[in-house]
$ cat work-v5.cif   # mmCIF, C-alpha atoms and all ligand atoms
data_upload
#
loop_
_atom_site.group_PDB
_atom_site.id
_atom_site.type_symbol
_atom_site.label_atom_id
_atom_site.label_comp_id
_atom_site.auth_asym_id
_atom_site.auth_seq_id
_atom_site.Cartn_x
_atom_site.Cartn_y
_atom_site.Cartn_z
ATOM 1 C CA MET V 1 -104.890 -14.908 57.786
ATOM 2 C CA ARG V 2 -108.266 -13.247 57.711
ATOM 3 C CA TYR V 3 -109.250 -13.959 54.107
ATOM 4 C CA ALA V 4 -108.921 -17.029 51.922
ATOM 5 C CA ILE V 5 -110.194 -17.947 48.474
ATOM 6 C CA LYS V 6 -113.352 -20.014 48.165
ATOM 7 C CA GLU V 7 -115.179 -20.404 44.875
ATOM 8 C CA ASN V 8 -113.088 -17.538 43.514
ATOM 9 C CA LYS V 9 -114.236 -15.233 46.253
ATOM 10 C CA LYS V 10 -112.291 -13.602 49.053
ATOM 11 C CA VAL V 11 -113.963 -14.855 52.217
ATOM 12 C CA GLU V 12 -113.667 -14.926 55.987
ATOM 13 C CA PRO V 13 -114.238 -18.300 57.721
ATOM 14 C CA GLN V 14 -117.819 -19.019 58.757
ATOM 15 C CA PHE V 15 -117.268 -22.202 60.785
ATOM 16 C CA SER V 16 -114.458 -24.314 62.205
ATOM 17 C CA GLY V 17 -113.216 -26.870 59.718
ATOM 18 C CA GLU V 18 -114.384 -24.923 56.681
ATOM 19 C CA ARG V 19 -112.065 -25.403 53.686
ATOM 20 C CA ALA V 20 -110.705 -22.808 51.329
ATOM 21 C CA PHE V 21 -107.433 -21.931 49.590
ATOM 22 C CA CYS V 22 -104.514 -19.733 50.584
ATOM 23 C CA PRO V 23 -104.285 -16.742 48.229
ATOM 24 C CA ILE V 24 -100.484 -16.950 48.282
ATOM 25 C CA CYS V 25 -99.452 -20.620 48.059
ATOM 26 C CA LYS V 26 -102.845 -21.952 46.851
ATOM 27 C CA ASN V 27 -102.713 -24.775 49.428
ATOM 28 C CA LYS V 28 -105.684 -25.795 51.503
ATOM 29 C CA VAL V 29 -106.569 -23.743 54.539
ATOM 30 C CA VAL V 30 -109.020 -24.463 57.290
ATOM 31 C CA GLY V 31 -111.365 -22.159 59.167
ATOM 32 C CA LYS V 32 -110.667 -21.582 62.864
ATOM 33 C CA ILE V 33 -113.421 -20.170 64.990
ATOM 34 C CA TYR V 34 -112.533 -19.892 68.650
ATOM 35 C CA SER V 35 -114.054 -17.704 71.250
ATOM 36 C CA ILE V 36 -110.627 -16.709 72.600
ATOM 37 C CA ARG V 37 -109.008 -15.850 69.295
ATOM 38 C CA ILE V 38 -109.946 -13.888 66.233
ATOM 39 C CA ASN V 39 -111.537 -16.004 63.498
ATOM 40 C CA HIS V 40 -108.919 -16.877 60.935
ATOM 41 C CA TRP V 41 -107.751 -19.343 58.325
ATOM 42 C CA ALA V 42 -104.827 -21.672 58.994
ATOM 43 C CA HIS V 43 -102.912 -23.862 56.550
ATOM 44 C CA LEU V 44 -104.187 -27.410 56.694
ATOM 45 C CA VAL V 45 -100.733 -28.960 56.528
ATOM 46 C CA LYS V 46 -98.700 -27.735 59.468
ATOM 47 C CA SER V 47 -95.440 -27.606 57.515
ATOM 48 C CA GLU V 48 -96.880 -24.795 55.462
ATOM 49 C CA SER V 49 -97.684 -23.116 58.745
ATOM 50 C CA ASP V 50 -97.669 -19.755 57.107
ATOM 51 C CA CYS V 51 -96.318 -19.101 53.674
ATOM 52 C CA ASP V 52 -96.024 -15.388 54.457
ATOM 53 C CA SER V 53 -92.807 -15.109 56.463
ATOM 54 C CA TRP V 54 -94.071 -11.839 57.919
ATOM 55 C CA TYR V 55 -97.100 -13.503 59.414
ATOM 56 C CA GLU V 56 -98.298 -12.072 62.706
ATOM 57 C CA PRO V 57 -101.452 -13.123 64.538
ATOM 58 C CA ILE V 58 -104.503 -11.015 63.745
ATOM 59 C CA THR V 59 -105.701 -8.961 66.676
ATOM 60 C CA GLU V 60 -108.953 -7.215 67.415
ATOM 61 C CA TRP V 61 -107.082 -3.977 66.846
ATOM 62 C CA HIS V 62 -106.089 -5.094 63.319
ATOM 63 C CA LEU V 63 -109.665 -6.016 62.520
ATOM 64 C CA ASN V 64 -111.087 -2.746 63.718
ATOM 65 C CA TRP V 65 -108.618 -0.815 61.616
ATOM 66 C CA GLN V 66 -109.024 -2.956 58.517
ATOM 67 C CA ASN V 67 -112.791 -2.639 58.787
ATOM 68 C CA LEU V 68 -112.520 1.103 58.275
ATOM 69 C CA PHE V 69 -111.434 0.432 54.686
ATOM 70 C CA PRO V 70 -113.272 -1.295 51.818
ATOM 71 C CA GLU V 71 -113.140 -5.093 51.982
ATOM 72 C CA GLU V 72 -111.370 -5.430 48.641
ATOM 73 C CA ASN V 73 -108.477 -3.427 50.087
ATOM 74 C CA ARG V 74 -108.002 -5.553 53.206
ATOM 75 C CA GLU V 75 -105.270 -8.168 53.425
ATOM 76 C CA VAL V 76 -104.082 -7.883 49.855
ATOM 77 C CA THR V 77 -101.332 -10.134 48.515
ATOM 78 C CA ILE V 78 -98.438 -8.303 46.910
ATOM 79 C CA THR V 79 -95.891 -10.295 44.914
ATOM 80 C CA GLU V 80 -92.420 -9.094 43.982
ATOM 81 C CA ASN V 81 -89.805 -11.443 42.445
ATOM 82 C CA ASN V 82 -91.852 -14.504 43.424
ATOM 83 C CA ILE V 83 -92.042 -13.427 47.045
ATOM 84 C CA SER V 84 -95.494 -12.649 48.402
ATOM 85 C CA HIS V 85 -96.655 -10.805 51.446
ATOM 86 C CA ARG V 86 -100.074 -9.814 52.648
ATOM 87 C CA ALA V 87 -100.412 -6.097 53.163
ATOM 88 C CA ASP V 88 -102.907 -5.178 55.865
ATOM 89 C CA ILE V 89 -104.330 -2.582 53.506
ATOM 90 C CA LEU V 90 -103.509 -1.894 49.875
ATOM 91 C CA LEU V 91 -105.594 0.937 48.488
ATOM 92 C CA ASN V 92 -106.350 1.488 44.823
ATOM 93 C CA ASN V 93 -104.029 4.504 44.913
ATOM 94 C CA GLU V 94 -101.106 2.199 45.833
ATOM 95 C CA LEU V 95 -101.000 3.281 49.448
ATOM 96 C CA VAL V 96 -100.046 0.414 51.756
ATOM 97 C CA ILE V 97 -101.008 0.619 55.417
ATOM 98 C CA GLU V 98 -99.397 -1.732 57.899
ATOM 99 C CA PHE V 99 -100.910 -2.034 61.339
ATOM 100 C CA GLN V 100 -98.085 -2.998 63.655
ATOM 101 C CA ASN V 101 -99.095 -4.486 66.955
ATOM 102 C CA SER V 102 -95.928 -6.238 68.094
ATOM 103 C CA PRO V 103 -92.271 -5.223 68.195
ATOM 104 C CA ILE V 104 -90.191 -5.979 65.126
ATOM 105 C CA LYS V 105 -86.466 -5.962 64.472
ATOM 106 C CA ILE V 106 -84.892 -2.951 62.799
ATOM 107 C CA ARG V 107 -83.753 -5.182 59.917
ATOM 108 C CA GLU V 108 -87.403 -6.199 59.456
ATOM 109 C CA VAL V 109 -88.504 -2.576 59.318
ATOM 110 C CA GLU V 110 -86.030 -1.981 56.492
ATOM 111 C CA ARG V 111 -87.116 -5.113 54.627
ATOM 112 C CA ARG V 112 -90.790 -4.226 54.815
ATOM 113 C CA GLU V 113 -90.235 -0.633 53.797
ATOM 114 C CA THR V 114 -88.185 -1.750 50.801
ATOM 115 C CA PHE V 115 -90.778 -4.332 49.765
ATOM 116 C CA TYR V 116 -93.879 -2.231 50.206
ATOM 117 C CA ASN V 117 -92.429 0.968 48.756
ATOM 118 C CA LYS V 118 -91.597 -0.732 45.428
ATOM 119 C CA ASN V 119 -93.435 0.019 42.181
ATOM 120 C CA ASN V 120 -94.908 3.390 43.175
ATOM 121 C CA ARG V 121 -96.460 1.980 46.297
ATOM 122 C CA LYS V 122 -96.181 4.066 49.418
ATOM 123 C CA LEU V 123 -96.117 2.569 52.889
ATOM 124 C CA ILE V 124 -97.639 4.079 56.004
ATOM 125 C CA TRP V 125 -97.181 2.599 59.471
ATOM 126 C CA VAL V 126 -99.877 2.640 62.096
ATOM 127 C CA LEU V 127 -98.527 1.414 65.429
ATOM 128 C CA ASN V 128 -100.522 0.225 68.380
ATOM 129 C CA GLY V 129 -99.395 2.458 71.230
ATOM 130 C CA LYS V 130 -100.964 0.132 73.760
ATOM 131 C CA SER V 131 -98.526 -2.641 72.980
ATOM 132 C CA LEU V 132 -95.584 -0.678 71.580
ATOM 133 C CA ALA V 133 -95.458 2.577 73.520
ATOM 134 C CA GLU V 134 -97.264 1.841 76.755
ATOM 135 C CA SER V 135 -95.316 4.324 78.874
ATOM 136 C CA VAL V 136 -95.520 7.148 76.350
ATOM 137 C CA ILE V 137 -97.847 10.064 76.955
ATOM 138 C CA VAL V 138 -98.950 12.753 74.550
ATOM 139 C CA GLU V 139 -99.164 16.060 76.330
ATOM 140 C CA LYS V 140 -101.241 18.699 74.648
ATOM 141 C CA GLU V 141 -100.189 22.267 74.985
ATOM 142 C CA ASN V 142 -102.323 25.170 73.859
ATOM 143 C CA VAL V 143 -100.376 27.577 71.764
ATOM 144 C CA ILE V 144 -101.434 31.042 70.718
ATOM 145 C CA SER V 145 -100.947 30.858 67.035
ATOM 146 C CA ASP V 146 -100.757 34.363 65.672
ATOM 147 C CA ILE V 147 -99.913 37.936 66.342
ATOM 148 C CA LEU V 148 -101.674 40.625 64.379
ATOM 149 C CA VAL V 149 -99.466 43.531 63.419
ATOM 150 C CA SER V 150 -100.871 46.729 62.025
ATOM 151 C CA ILE V 151 -98.868 49.513 60.485
ATOM 152 C CA SER V 152 -100.410 52.852 59.800
ATOM 153 C CA ILE V 153 -98.699 55.645 57.932
ATOM 154 C CA PRO V 154 -99.975 59.140 57.148
ATOM 155 C CA LYS V 155 -102.822 59.181 54.674
ATOM 156 C CA SER V 156 -101.801 62.391 53.031
ATOM 157 C CA PHE V 157 -98.914 64.844 52.828
ATOM 158 C CA PRO V 158 -100.032 67.968 50.976
ATOM 159 C CA LEU V 159 -96.472 69.193 50.602
ATOM 160 C CA VAL V 160 -95.253 66.006 48.960
ATOM 161 C CA LYS V 161 -95.888 65.655 45.256
ATOM 162 C CA ASN V 162 -97.859 62.513 44.238
ATOM 163 C CA TYR V 163 -97.831 61.176 47.798
ATOM 164 C CA SER V 164 -99.628 57.825 48.066
ATOM 165 C CA SER V 165 -99.789 55.740 51.225
ATOM 166 C CA ARG V 166 -100.829 52.666 49.216
ATOM 167 C CA ARG V 167 -97.834 52.999 46.979
ATOM 168 C CA ILE V 168 -95.575 52.783 50.019
ATOM 169 C CA LEU V 169 -97.417 49.893 51.636
ATOM 170 C CA LYS V 170 -97.600 47.912 48.400
ATOM 171 C CA HIS V 171 -93.904 48.349 47.704
ATOM 172 C CA LYS V 172 -92.043 45.103 47.081
ATOM 173 C CA LEU V 173 -89.654 45.773 49.946
ATOM 174 C CA ILE V 174 -92.578 45.324 52.307
ATOM 175 C CA GLY V 175 -93.919 42.374 50.386
ATOM 176 C CA PHE V 176 -90.577 40.723 50.899
ATOM 177 C CA LEU V 177 -90.951 40.976 54.654
ATOM 178 C CA ASN V 178 -94.449 39.636 54.477
ATOM 179 C CA ALA V 179 -94.116 36.869 51.914
ATOM 180 C CA ASP V 180 -97.466 35.189 52.523
ATOM 181 C CA LYS V 181 -99.956 37.442 50.766
ATOM 182 C CA LYS V 182 -102.941 35.558 52.132
ATOM 183 C CA ARG V 183 -102.060 36.693 55.602
ATOM 184 C CA SER V 184 -102.022 40.411 54.954
ATOM 185 C CA GLU V 185 -104.312 43.160 53.776
ATOM 186 C CA ILE V 186 -104.102 46.839 53.036
ATOM 187 C CA LYS V 187 -106.990 49.117 53.859
ATOM 188 C CA GLU V 188 -106.533 52.779 53.079
ATOM 189 C CA ASN V 189 -103.316 53.696 54.855
ATOM 190 C CA ILE V 190 -103.123 50.682 57.154
ATOM 191 C CA LEU V 191 -101.395 47.406 56.496
ATOM 192 C CA THR V 192 -102.263 44.499 58.762
ATOM 193 C CA PHE V 193 -100.717 41.091 58.694
ATOM 194 C CA LYS V 194 -100.495 37.986 60.804
ATOM 195 C CA TYR V 195 -97.449 36.113 61.799
ATOM 196 C CA THR V 196 -96.853 33.103 63.959
ATOM 197 C CA LYS V 197 -95.654 33.933 67.396
ATOM 198 C CA GLU V 198 -92.508 31.868 67.310
ATOM 199 C CA GLU V 199 -91.459 33.031 63.881
ATOM 200 C CA PHE V 200 -89.676 36.248 64.837
ATOM 201 C CA GLU V 201 -88.918 38.546 67.676
ATOM 202 C CA ILE V 202 -91.768 41.047 67.629
ATOM 203 C CA GLU V 203 -89.736 44.157 68.463
ATOM 204 C CA HIS V 204 -87.220 43.212 65.822
ATOM 205 C CA ILE V 205 -89.852 42.789 63.141
ATOM 206 C CA LYS V 206 -91.458 46.113 64.049
ATOM 207 C CA ASP V 207 -88.107 47.887 63.710
ATOM 208 C CA GLN V 208 -87.473 46.176 60.421
ATOM 209 C CA TYR V 209 -90.793 47.301 58.989
ATOM 210 C CA LYS V 210 -90.283 50.826 60.173
ATOM 211 C CA ASN V 211 -86.842 51.066 58.574
ATOM 212 C CA HIS V 212 -88.103 49.637 55.312
ATOM 213 C CA ILE V 213 -91.015 52.045 55.173
ATOM 214 C CA ILE V 214 -88.729 55.000 55.809
ATOM 215 C CA ALA V 215 -86.366 53.775 53.087
ATOM 216 C CA ILE V 216 -89.235 53.463 50.603
ATOM 217 C CA TYR V 217 -90.528 56.934 51.448
ATOM 218 C CA LYS V 218 -87.055 58.392 51.014
ATOM 219 C CA ASP V 219 -86.603 56.613 47.733
ATOM 220 C CA LEU V 220 -89.954 57.825 46.371
ATOM 221 C CA TYR V 221 -90.217 61.317 47.802
ATOM 222 C CA GLY V 222 -86.781 62.320 49.087
ATOM 223 C CA GLU V 223 -86.165 64.304 52.252
ATOM 224 C CA ILE V 224 -89.332 66.447 52.138
ATOM 225 C CA GLU V 225 -91.246 66.004 55.380
ATOM 226 C CA LEU V 226 -89.237 62.860 56.056
ATOM 227 C CA ASN V 227 -88.869 63.576 59.765
ATOM 228 C CA GLU V 228 -92.587 64.262 60.088
ATOM 229 C CA PHE V 229 -93.341 61.028 58.239
ATOM 230 C CA LYS V 230 -91.052 59.032 60.567
ATOM 231 C CA LYS V 231 -92.848 60.373 63.620
ATOM 232 C CA LEU V 232 -96.269 59.469 62.223
ATOM 233 C CA ILE V 233 -95.556 55.805 61.454
ATOM 234 C CA LYS V 234 -97.446 53.717 63.972
ATOM 235 C CA ILE V 235 -96.847 50.018 64.415
ATOM 236 C CA GLU V 236 -98.978 48.039 66.834
ATOM 237 C CA ASP V 237 -99.305 44.381 67.638
ATOM 238 C CA HIS V 238 -101.715 42.219 69.524
ATOM 239 C CA LEU V 239 -102.239 38.517 70.168
ATOM 240 C CA ILE V 240 -105.016 36.708 68.401
ATOM 241 C CA GLU V 241 -106.912 34.527 70.834
ATOM 242 C CA GLU V 242 -106.820 31.637 68.466
ATOM 243 C CA THR V 243 -105.224 28.529 69.866
ATOM 244 C CA PHE V 244 -104.113 25.255 68.448
ATOM 245 C CA ILE V 245 -102.819 22.181 70.190
ATOM 246 C CA LYS V 246 -99.175 21.395 70.104
ATOM 247 C CA PRO V 247 -98.458 17.831 71.161
ATOM 248 C CA ARG V 248 -95.377 16.894 73.121
ATOM 249 C CA LEU V 249 -94.312 13.301 73.474
ATOM 250 C CA LYS V 250 -93.258 12.236 76.938
ATOM 251 C CA ARG V 251 -91.208 9.077 76.668
ATOM 252 C CA LEU V 252 -90.107 7.021 79.622
ATOM 253 C CA THR V 253 -89.175 4.102 77.446
ATOM 254 C CA TRP V 254 -89.105 3.987 73.701
ATOM 255 C CA ARG V 255 -88.598 1.262 71.156
ATOM 256 C CA ALA V 256 -85.636 1.902 68.918
ATOM 257 C CA PHE V 257 -87.200 0.334 65.816
ATOM 258 C CA ILE V 258 -89.781 3.126 65.675
ATOM 259 C CA ASP V 259 -87.066 5.711 65.050
ATOM 260 C CA LYS V 260 -85.748 3.615 62.165
ATOM 261 C CA MET V 261 -89.047 3.752 60.322
ATOM 262 C CA GLU V 262 -88.599 5.983 57.303
ATOM 263 C CA SER V 263 -92.162 5.755 56.039
ATOM 264 C CA PRO V 264 -94.695 7.969 57.843
ATOM 265 C CA VAL V 265 -95.521 6.707 61.343
ATOM 266 C CA PHE V 266 -98.864 7.150 63.094
ATOM 267 C CA ILE V 267 -99.462 5.884 66.621
ATOM 268 C CA ASP V 268 -102.834 4.785 67.883
ATOM 269 C CA ASN V 269 -103.864 4.191 71.516
ATOM 270 C CA LEU V 270 -101.391 6.544 73.145
ATOM 271 C CA LYS V 271 -102.119 7.900 76.583
ATOM 272 C CA GLY V 272 -103.324 11.464 76.290
ATOM 273 C CA LEU V 273 -105.072 10.922 72.964
ATOM 274 C CA GLU V 274 -108.819 10.788 72.517
ATOM 275 C CA GLU V 275 -110.362 7.603 71.140
ATOM 276 C CA ASP V 276 -110.756 9.135 67.685
ATOM 277 C CA GLU V 277 -107.271 10.627 67.517
ATOM 278 C CA LEU V 278 -103.989 9.416 66.083
ATOM 279 C CA TYR V 279 -100.560 10.783 66.789
ATOM 280 C CA TYR V 280 -98.599 11.569 63.628
ATOM 281 C CA LEU V 281 -95.082 10.983 64.887
ATOM 282 C CA SER V 282 -93.196 12.073 61.785
ATOM 283 C CA GLU V 283 -94.830 15.522 61.920
ATOM 284 C CA ASN V 284 -95.534 15.885 65.638
ATOM 285 C CA LYS V 285 -99.232 16.414 64.990
ATOM 286 C CA ILE V 286 -102.508 15.016 66.194
ATOM 287 C CA ILE V 287 -104.914 13.970 63.456
ATOM 288 C CA SER V 288 -108.417 12.581 63.775
ATOM 289 C CA LYS V 289 -108.845 9.014 62.552
ATOM 290 C CA GLU V 290 -111.621 10.182 60.279
ATOM 291 C CA LYS V 291 -109.286 12.636 58.590
ATOM 292 C CA PHE V 292 -106.526 10.036 58.385
ATOM 293 C CA ILE V 293 -108.810 7.633 56.540
ATOM 294 C CA LYS V 294 -110.164 10.306 54.242
ATOM 295 C CA LYS V 295 -106.639 11.445 53.396
ATOM 296 C CA ALA V 296 -105.509 7.886 52.739
ATOM 297 C CA LEU V 297 -108.472 7.125 50.475
ATOM 298 C CA THR V 298 -108.070 10.337 48.478
ATOM 299 C CA TYR V 299 -104.271 10.292 48.365
ATOM 300 C CA VAL V 300 -102.825 10.780 44.885
HETATM 301 ZN ZN ZN K 401 -100.187 -20.207 51.929
#
$ encode --input "work-v5.cif" --output "structure tokens" --more "lines below"
Ligand SMILES: [Zn+2]
Amino acid sequence: MRYAIKENKKVEPQFSGERAFCPICKNKVVGKIYSIRINHWAHLVKSESDCDSWYEPITEWHLNWQNLFPEENREVTITENNISHRADILLNNELVIEFQNSPIKIREVERRETFYNKNNRKLIWVLNGKSLAESVIVEKENVISDILVSISIPKSFPLVKNYSSRRILKHKLIGFLNADKKRSEIKENILTFKYTKEEFEIEHIKDQYKNHIIAIYKDLYGEIELNEFKKLIKIEDHLIEETFIKPRLKRLTWRAFIDKMESPVFIDNLKGLEEDELYYLSENKIISKEKFIKKALTYV
């Protein structure tokens, strides 16, 4: 363990042989400072070798991650029904973060998720890709995100009584096709909106809009100049040169326990990722570590 209790304080060992107390079983622990291993506390009596049955050796990777969070939140003992475990991180908002460096059994995954998700706590897994997904590569693909569609209809029809292009374009039948109001705007007689490339077939959506607009016109103004109106509807589309990265996971081998994790899974140290990036497996997204930490700390 990284922290023990000494004079009522949570402390890391300063020298080999230093004495303190285990925060779980309250027995004596002794400081271990070796150049080849991470500084840690060990139980003095070997039979108590670790009172946390989920004990795993601390790695440099653990330390680096834990150090990104406030000290009070690192290695926190959680007790449920007289059973205690040390969470790598327990934040004040009840978020538990487990940094998993070595493979674990599927049964263990279930046990830990059950334990840590109790009492409004919420568990997040961060896996070390270097040790758990060494052959996996994240491939980044640039995707053109949006297509801009503009529809223009005649501004005026002197022969039609009360004709209003806005009235047609603001009709709820059109709103229904373009549910996200933030992505559209009407200027004079032109409606423009964005949609994601993969959402629909462009020609299909253009036809749909055209038919709806004709139906609205007919409903509001009847057959007068209807054919002329039809001819003057213009629908154009063009790609927006805005790209985002879509990750694709290339797996040669894969550890089955990862797929059994029901809590959100993030993977660090995957080939194809930058140093400051994490792969968010559950959502197939790449997130910066900075953002991950900020989101965790501000999670409600
Ligand atoms: Zn103990």
$ resolve_selection --input "work-v5.cif" --expression "the PyMOL selection byres (((not hetatm)) within 8 of (chain K and resi 401))" --output "list in words"
Phe21, Cys22, Pro23, Ile24, Cys25, Lys26, Asn27, Lys28, Val29, His43, Glu48, Ser49, Asp50, Cys51 and Asp52 of chain V
$ write_last_selection --input "work-v5.cif" --atoms "C-alpha atoms" --output "PDB file, in the coordinates of the input"
ATOM      1  CA  PHE V  21    -107.433 -21.931  49.590  1.00  0.00           C
ATOM      2  CA  CYS V  22    -104.514 -19.733  50.584  1.00  0.00           C
ATOM      3  CA  PRO V  23    -104.285 -16.742  48.229  1.00  0.00           C
ATOM      4  CA  ILE V  24    -100.484 -16.950  48.282  1.00  0.00           C
ATOM      5  CA  CYS V  25     -99.452 -20.620  48.059  1.00  0.00           C
ATOM      6  CA  LYS V  26    -102.845 -21.952  46.851  1.00  0.00           C
ATOM      7  CA  ASN V  27    -102.713 -24.775  49.428  1.00  0.00           C
ATOM      8  CA  LYS V  28    -105.684 -25.795  51.503  1.00  0.00           C
ATOM      9  CA  VAL V  29    -106.569 -23.743  54.539  1.00  0.00           C
ATOM     10  CA  HIS V  43    -102.912 -23.862  56.550  1.00  0.00           C
ATOM     11  CA  GLU V  48     -96.880 -24.795  55.462  1.00  0.00           C
ATOM     12  CA  SER V  49     -97.684 -23.116  58.745  1.00  0.00           C
ATOM     13  CA  ASP V  50     -97.669 -19.755  57.107  1.00  0.00           C
ATOM     14  CA  CYS V  51     -96.318 -19.101  53.674  1.00  0.00           C
ATOM     15  CA  ASP V  52     -96.024 -15.388  54.457  1.00  0.00           C
TER      16      ASP V  52
END
$ axis_aligned_box --input "work-v5.cif" --around "stretch 165-169 of chain V" --padding-each-side "6 Å" --output "JSON"
{"center_x": -98.2, "center_y": 52.8, "center_z": 49.3, "size_x": 17.3, "size_y": 17.8, "size_z": 16.7}
$ resolve_selection --input "work-v5.cif" --expression "the PyMOL selection byres (((chain V and resi 263) around 10) and not hetatm)" --output "ChimeraX atom specification"
/V:109-110,113-114,117,122-125,260-262,264-266,282
$ residues_around --input "work-v5.cif" --residues "V:Ile89" --least-positions-apart "5" --cutoff "10 Å" --atoms "all atoms listed in the file" --output "short mmCIF file (atom, residue, chain, number, x, y, z; two decimals) with C-alpha atoms, keeping the file's coordinate frame"
data_model
loop_
_atom_site.label_atom_id
_atom_site.label_comp_id
_atom_site.auth_asym_id
_atom_site.auth_seq_id
_atom_site.Cartn_x
_atom_site.Cartn_y
_atom_site.Cartn_z
CA TRP V 65 -108.62 -0.82 61.62
CA GLN V 66 -109.02 -2.96 58.52
CA ASN V 67 -112.79 -2.64 58.79
CA PHE V 69 -111.43 0.43 54.69
CA PRO V 70 -113.27 -1.30 51.82
CA GLU V 71 -113.14 -5.09 51.98
CA GLU V 72 -111.37 -5.43 48.64
CA ASN V 73 -108.48 -3.43 50.09
CA ARG V 74 -108.00 -5.55 53.21
CA GLU V 75 -105.27 -8.17 53.42
CA VAL V 76 -104.08 -7.88 49.86
CA THR V 77 -101.33 -10.13 48.52
CA GLU V 94 -101.11 2.20 45.83
CA LEU V 95 -101.00 3.28 49.45
CA VAL V 96 -100.05 0.41 51.76
CA ILE V 97 -101.01 0.62 55.42
CA GLU V 98 -99.40 -1.73 57.90
CA PHE V 99 -100.91 -2.03 61.34
CA LEU V 123 -96.12 2.57 52.89
CA ILE V 124 -97.64 4.08 56.00
#
$ residues_around --input "work-v5.cif" --residues "V:Ile168" --least-positions-apart "4" --cutoff "7 Å" --atoms "only C-alpha atoms" --output "JSON, numbers by chain"
{"V": [164, 213, 216, 217]}
$ residues_around --input "work-v5.cif" --residues "V:Val160" --least-positions-apart "6" --cutoff "10 Å" --atoms "only C-alpha atoms" --output "number ranges by chain"
V: 221-226
$ write_last_selection --input "work-v5.cif" --atoms "C-alpha atoms" --output "compact mmCIF listing (two decimals), in the frame of the given file"
# COMPACT_ATOMS: atom_id res chain seq x y z
CA TYR V 221 -90.22 61.32 47.80
CA GLY V 222 -86.78 62.32 49.09
CA GLU V 223 -86.16 64.30 52.25
CA ILE V 224 -89.33 66.45 52.14
CA GLU V 225 -91.25 66.00 55.38
CA LEU V 226 -89.24 62.86 56.06
$ atom_distance --input "work-v5.cif" --atom1 "atom CA of V:Glu141" --atom2 "atom CA of V:Tyr279"
14.1 Å
$ resolve_selection --input "work-v5.cif" --expression "the PyMOL selection byres (((chain V and resi 254) around 10) and not hetatm)" --output "ChimeraX atom specification"
/V:132-136,250-253,255-259
$ atom_distance --input "work-v5.cif" --atom1 "atom CA of V:Asp146" --atom2 "atom CA of V:Glu203"
15.0 Å
$ build_atoms --input "work-v5.cif" --residues "stretch 17-28 of chain V" --atoms "N, CA and C atoms" --output "PDB file, in the frame of the given file"
ATOM      1  N   GLY V  17    -113.324 -25.734  60.626  1.00  0.00           N
ATOM      2  CA  GLY V  17    -113.216 -26.870  59.718  1.00  0.00           C
ATOM      3  C   GLY V  17    -113.570 -26.534  58.284  1.00  0.00           C
ATOM      4  N   GLU V  18    -114.060 -25.341  58.051  1.00  0.00           N
ATOM      5  CA  GLU V  18    -114.384 -24.923  56.681  1.00  0.00           C
ATOM      6  C   GLU V  18    -113.109 -24.931  55.823  1.00  0.00           C
ATOM      7  N   ARG V  19    -113.242 -25.323  54.552  1.00  0.00           N
ATOM      8  CA  ARG V  19    -112.065 -25.403  53.686  1.00  0.00           C
ATOM      9  C   ARG V  19    -112.072 -24.283  52.642  1.00  0.00           C
ATOM     10  N   ALA V  20    -110.870 -23.799  52.392  1.00  0.00           N
ATOM     11  CA  ALA V  20    -110.705 -22.808  51.329  1.00  0.00           C
ATOM     12  C   ALA V  20    -109.248 -22.872  50.884  1.00  0.00           C
ATOM     13  N   PHE V  21    -108.806 -21.895  50.078  1.00  0.00           N
ATOM     14  CA  PHE V  21    -107.433 -21.931  49.590  1.00  0.00           C
ATOM     15  C   PHE V  21    -106.663 -20.664  49.968  1.00  0.00           C
ATOM     16  N   CYS V  22    -105.378 -20.860  50.237  1.00  0.00           N
ATOM     17  CA  CYS V  22    -104.514 -19.733  50.584  1.00  0.00           C
ATOM     18  C   CYS V  22    -104.273 -18.888  49.337  1.00  0.00           C
ATOM     19  N   PRO V  23    -104.472 -17.581  49.417  1.00  0.00           N
ATOM     20  CA  PRO V  23    -104.285 -16.742  48.229  1.00  0.00           C
ATOM     21  C   PRO V  23    -102.821 -16.673  47.785  1.00  0.00           C
ATOM     22  N   ILE V  24    -101.902 -17.020  48.655  1.00  0.00           N
ATOM     23  CA  ILE V  24    -100.484 -16.950  48.282  1.00  0.00           C
ATOM     24  C   ILE V  24     -99.995 -18.282  47.707  1.00  0.00           C
ATOM     25  N   CYS V  25    -100.042 -19.351  48.513  1.00  0.00           N
ATOM     26  CA  CYS V  25     -99.452 -20.620  48.059  1.00  0.00           C
ATOM     27  C   CYS V  25    -100.476 -21.552  47.425  1.00  0.00           C
ATOM     28  N   LYS V  26    -101.743 -21.181  47.446  1.00  0.00           N
ATOM     29  CA  LYS V  26    -102.845 -21.952  46.851  1.00  0.00           C
ATOM     30  C   LYS V  26    -103.111 -23.278  47.558  1.00  0.00           C
ATOM     31  N   ASN V  27    -102.440 -23.547  48.678  1.00  0.00           N
ATOM     32  CA  ASN V  27    -102.713 -24.775  49.428  1.00  0.00           C
ATOM     33  C   ASN V  27    -104.000 -24.636  50.231  1.00  0.00           C
ATOM     34  N   LYS V  28    -104.433 -25.792  50.748  1.00  0.00           N
ATOM     35  CA  LYS V  28    -105.684 -25.795  51.503  1.00  0.00           C
ATOM     36  C   LYS V  28    -105.523 -25.103  52.854  1.00  0.00           C
TER      37      LYS V  28
END
